[in-house]
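I have placed the structure first, in the form of structure tokens, so that the comments after it can refer back to it.
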Amino acid sequence: MINVVGLGYIGLPTALMFAAHGVEVTGTDCNKELISVLKSGKTTFEEDGLDKLFAEALARGINFSTEYMATDVYIIAVPTPYDSFSKKIDPSYVVTAVKNVMSVCPKGATVVIESTVSPGTIEKFIRPVIAENGFAIGEDINLVHAPERIIPGNMLYELKYNSRTIGSDDIRIGNKIKTLYSSFCQGDIVVTDIKTAEMTKVVENTFRDINIAFANELTKICRIAGMDVYEIIRIANMHPRVNILQPGPGVGGHCISVDPWFLVGDYPGLANIILAARKINDSMPEFVLERVNSIMKDRGMTDLSRVGLYGLTYKENVDDVRESPTLQLLESMKKHLAPGLNVYDPIVTKDIVDNQYHDFDRFLADVDFVVIMVSHNHIKEQIHKLDGKVVLDTKNICNIEGTYKL
Ligand code: SAJ
């Protein structure tokens, strides 16, 4: 039996995937409300195919509990935020989860950390916790780091087909956990040491952050040069060794906008490109505001209450708003004591900001200027409804004549 600890965006699909492939699973989370929702037969976030997988896992007997189980494999998938001042990782959730595991696990158990951690975190924070609890690593407890790689919006496909990294002190234990993940994972699974696995994961997200920052920097250059950045990227990407990502209103989510900071926090002075990329991506919401300001001036518009932001989530077709560019933009307006703008997102049903609409047509009726912040399928399918509005399209999805771009 495996005990998956932390049933959020990563832990839940992972637990369900194991269960649906015949592994006996108990999912544990300290959030009682979340456990009771799962026990009532409902999933807790939107993701393509998640409800179907949930039904399969339930049919195979998955359990949910707020308690940790006595078993031989634990998979820990709890959040690892960073301290916004020092930029260093806050390992407290992983440390607490490991402590709780130590209080119930039998000797010989394997603890797999799936949460993304900064390189060295396992050495610095996790090994001591295990030792303090009287367990000898490698004898009483085995430690493994198996960072996830799945992308929200295509999680279930990627769980099955992405390659994975397993970091372990002992190749035999690494191979044992590889066999466990092979119950559902059809991609290559590389077994390496723990530090290499930690670093590789952070490097992957940092690479993407830097690439997006390059696209965003080009956007600013092209704005001054009066050139079309999308056309330039499209043509440059026809070169066989060039693959520039797309510019946008900023980088959000709990991974790409967070993980590079671990390297900046741990290696100040060395992580120069990484820091510059972070700054460029973090500057994008303000850049959108500057564009709104200059377009309003050009059009002789003065009433901010007639401006609306379309999209609140950190990217298209997900319901996750963590670190979203729209929230960053609203935060920045608040700092400058400016009134908030109208906001609408078809996927975010809870009220999380002021002036938030829950009806698209009412939102449209109340605004003259729409800023597309997120390219949900919802807007792509009814882009014609923006006809007659002033539109700033930060995602390059609107072809209506006169649409402003980043
Ligand atoms: N974005 C752009 N331009 C692009 C692509 C993305 O501005 O061309 C923006 C998005 O709009 C979003 C942010 O970047 O705000 C991040 O979105 P994403 O789709 O690039 O990535 P995430 O954060 O959803 O998932 C990433 C993935 N990492 C990589 O592709 C290297 C995923 O594989 C990881 O599992 C995930 O982080 C994670 O959990 O670490």
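Residues are referred to by chain and number: the chain letter is A, B, ... according to the order shown in the structure tokens, the number counts from 1 in that chain, and ligands are numbered separately from 1 in the order shown.
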
Near ligand 1, 6 Å: chain A residue rows, closest pairs, only C-alpha atoms and all ligand atoms, as JSON lines:
{"residue": "A:Glu148", "atom": "CA", "partner": "ligand 1", "partner_atom_place_in_ligand_line": "35 (O)", "distance": 5.6}
{"residue": "A:Arg149", "atom": "CA", "partner": "ligand 1", "partner_atom_place_in_ligand_line": "35 (O)", "distance": 3.3}
{"residue": "A:Ile150", "atom": "CA", "partner": "ligand 1", "partner_atom_place_in_ligand_line": "35 (O)", "distance": 3.9}
{"residue": "A:Ile151", "atom": "CA", "partner": "ligand 1", "partner_atom_place_in_ligand_line": "32 (C)", "distance": 4.1}
{"residue": "A:Pro152", "atom": "CA", "partner": "ligand 1", "partner_atom_place_in_ligand_line": "24 (O)", "distance": 5.0}
{"residue": "A:Glu204", "atom": "CA", "partner": "ligand 1", "partner_atom_place_in_ligand_line": "31 (C)", "distance": 4.6}
{"residue": "A:Asn205", "atom": "CA", "partner": "ligand 1", "partner_atom_place_in_ligand_line": "31 (C)", "distance": 4.1}
{"residue": "A:Arg208", "atom": "CA", "partner": "ligand 1", "partner_atom_place_in_ligand_line": "31 (C)", "distance": 5.3}
{"residue": "A:Ile212", "atom": "CA", "partner": "ligand 1", "partner_atom_place_in_ligand_line": "3 (N)", "distance": 5.3}
{"residue": "A:Leu245", "atom": "CA", "partner": "ligand 1", "partner_atom_place_in_ligand_line": "8 (O)", "distance": 4.0}
{"residue": "A:Gln246", "atom": "CA", "partner": "ligand 1", "partner_atom_place_in_ligand_line": "8 (O)", "distance": 3.6}
{"residue": "A:Pro247", "atom": "CA", "partner": "ligand 1", "partner_atom_place_in_ligand_line": "7 (O)", "distance": 5.1}
{"residue": "A:Gly248", "atom": "CA", "partner": "ligand 1", "partner_atom_place_in_ligand_line": "7 (O)", "distance": 4.3}
{"residue": "A:Gly250", "atom": "CA", "partner": "ligand 1", "partner_atom_place_in_ligand_line": "7 (O)", "distance": 5.8}
{"residue": "A:Val251", "atom": "CA", "partner": "ligand 1", "partner_atom_place_in_ligand_line": "15 (O)", "distance": 3.8}
{"residue": "A:Gly252", "atom": "CA", "partner": "ligand 1", "partner_atom_place_in_ligand_line": "15 (O)", "distance": 3.8}
{"residue": "A:Gly253", "atom": "CA", "partner": "ligand 1", "partner_atom_place_in_ligand_line": "23 (O)", "distance": 5.0}
{"residue": "A:Cys255", "atom": "CA", "partner": "ligand 1", "partner_atom_place_in_ligand_line": "40 (O)", "distance": 4.4}
{"residue": "A:Ile256", "atom": "CA", "partner": "ligand 1", "partner_atom_place_in_ligand_line": "23 (O)", "distance": 4.9}
{"residue": "A:Tyr314", "atom": "CA", "partner": "ligand 1", "partner_atom_place_in_ligand_line": "15 (O)", "distance": 4.7}
{"residue": "A:Lys315", "atom": "CA", "partner": "ligand 1", "partner_atom_place_in_ligand_line": "11 (O)", "distance": 4.3}

Using only C-alpha atoms, which protein or nucleic acid residues come within 10 Å of Thr349 of chain A? Drop anything in the same chain fewer than 4 positions from it, and give the result as a PyMOL selection string. chain A and resi 319+344-345+356-358

For Met199 of chain A, the nearest of the candidates A:His336, A:Lys405, A:Lys39, A:His145, counting only C-alpha atoms: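 Selected residue with least distance to Met199 of chain A: A:His145.
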
If you count only C-alpha atoms, the residue of A:Glu114, A:Tyr230, A:Ser86, A:Tyr9 closest to Ile244 of chain A turns out to be A:Tyr230

Near-Val94 of chain A list (9 Å; only C-alpha atoms; drop same-chain fewer than 6 positions) as a VMD selection string: chain A and resid 76 to 80 113 115 125 to 126

Those residues with N, CA and C atoms, as a PDB file, in the first residue's frame please?
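The resulting file, result-v1.pdb, is reproduced below:
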ATOM      1  N   ILE A  76       5.282  12.067  -0.850  1.00  0.00           N
ATOM      2  CA  ILE A  76       4.951  13.371  -0.275  1.00  0.00           C
ATOM      3  C   ILE A  76       4.879  14.422  -1.378  1.00  0.00           C
ATOM      4  N   ALA A  77       3.697  15.049  -1.494  1.00  0.00           N
ATOM      5  CA  ALA A  77       3.484  16.053  -2.547  1.00  0.00           C
ATOM      6  C   ALA A  77       2.818  17.286  -1.929  1.00  0.00           C
ATOM      7  N   VAL A  78       3.514  17.871  -0.952  1.00  0.00           N
ATOM      8  CA  VAL A  78       2.970  19.064  -0.282  1.00  0.00           C
ATOM      9  C   VAL A  78       3.625  20.308  -0.880  1.00  0.00           C
ATOM     10  N   PRO A  79       3.042  21.499  -0.672  1.00  0.00           N
ATOM     11  CA  PRO A  79       3.619  22.705  -1.280  1.00  0.00           C
ATOM     12  C   PRO A  79       4.987  23.067  -0.685  1.00  0.00           C
ATOM     13  N   THR A  80       5.828  23.700  -1.527  1.00  0.00           N
ATOM     14  CA  THR A  80       7.102  24.234  -1.037  1.00  0.00           C
ATOM     15  C   THR A  80       7.186  25.695  -1.477  1.00  0.00           C
ATOM     16  N   ILE A 113       9.927  11.977  -1.858  1.00  0.00           N
ATOM     17  CA  ILE A 113       9.529  13.396  -1.880  1.00  0.00           C
ATOM     18  C   ILE A 113       9.261  13.759  -3.339  1.00  0.00           C
ATOM     19  N   SER A 115       7.472  16.763  -3.985  1.00  0.00           N
ATOM     20  CA  SER A 115       7.454  18.231  -3.995  1.00  0.00           C
ATOM     21  C   SER A 115       8.766  18.761  -4.565  1.00  0.00           C
ATOM     22  N   PHE A 125      17.446  19.737   5.394  1.00  0.00           N
ATOM     23  CA  PHE A 125      16.256  19.743   6.245  1.00  0.00           C
ATOM     24  C   PHE A 125      15.620  18.371   6.474  1.00  0.00           C
ATOM     25  N   ILE A 126      15.690  17.494   5.464  1.00  0.00           N
ATOM     26  CA  ILE A 126      14.938  16.237   5.585  1.00  0.00           C
ATOM     27  C   ILE A 126      15.750  15.155   6.299  1.00  0.00           C
TER      28      ILE A 126
END

Would you please give, as a list in words, all residues of segment 128-304 of chain A that DSSP assigns to strand (DSSP E or B) based on the backbone?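 Strand (DSSP E or B) members of segment 128-304 of chain A, listed: Ile137, Ile141, Asn142, Leu143, Val144, His145, Arg164, Thr165, Ile166, Gly167, Ser168, Ile189, Val190, Val191 and Thr192 of chain A.
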
Which one of A:Arg362, A:Arg278, A:His378, A:Lys87 sits closest to Asn211 of chain A if you count only C-alpha atoms? A:Arg278

Write out as a list in words which residues come within 6 Å of segment 258-270 of chain A when counting only C-alpha atoms, dropping same-chain ones fewer than 4 positions away. Lys87, Lys88, Ser118, Val202 and Thr206 of chain A

Keeping only N, CA and C atoms, write those residues as a PDB file, in the first residue's frame.
ATOM      1  N   LYS A  87      14.037  34.933  -0.623  1.00  0.00           N
ATOM      2  CA  LYS A  87      13.972  34.133  -1.851  1.00  0.00           C
ATOM      3  C   LYS A  87      14.380  32.685  -1.611  1.00  0.00           C
ATOM      4  N   LYS A  88      14.474  32.274  -0.367  1.00  0.00           N
ATOM      5  CA  LYS A  88      14.856  30.889  -0.089  1.00  0.00           C
ATOM      6  C   LYS A  88      13.609  30.046   0.132  1.00  0.00           C
ATOM      7  N   SER A 118      14.507  23.093  -3.363  1.00  0.00           N
ATOM      8  CA  SER A 118      15.744  23.676  -3.894  1.00  0.00           C
ATOM      9  C   SER A 118      16.882  22.692  -3.667  1.00  0.00           C
ATOM     10  N   VAL A 202      14.623  21.946 -10.756  1.00  0.00           N
ATOM     11  CA  VAL A 202      14.630  23.409 -10.687  1.00  0.00           C
ATOM     12  C   VAL A 202      15.192  23.994 -11.990  1.00  0.00           C
ATOM     13  N   THR A 206      13.542  26.708 -14.576  1.00  0.00           N
ATOM     14  CA  THR A 206      14.316  27.938 -14.772  1.00  0.00           C
ATOM     15  C   THR A 206      14.589  28.166 -16.262  1.00  0.00           C
TER      16      THR A 206
END
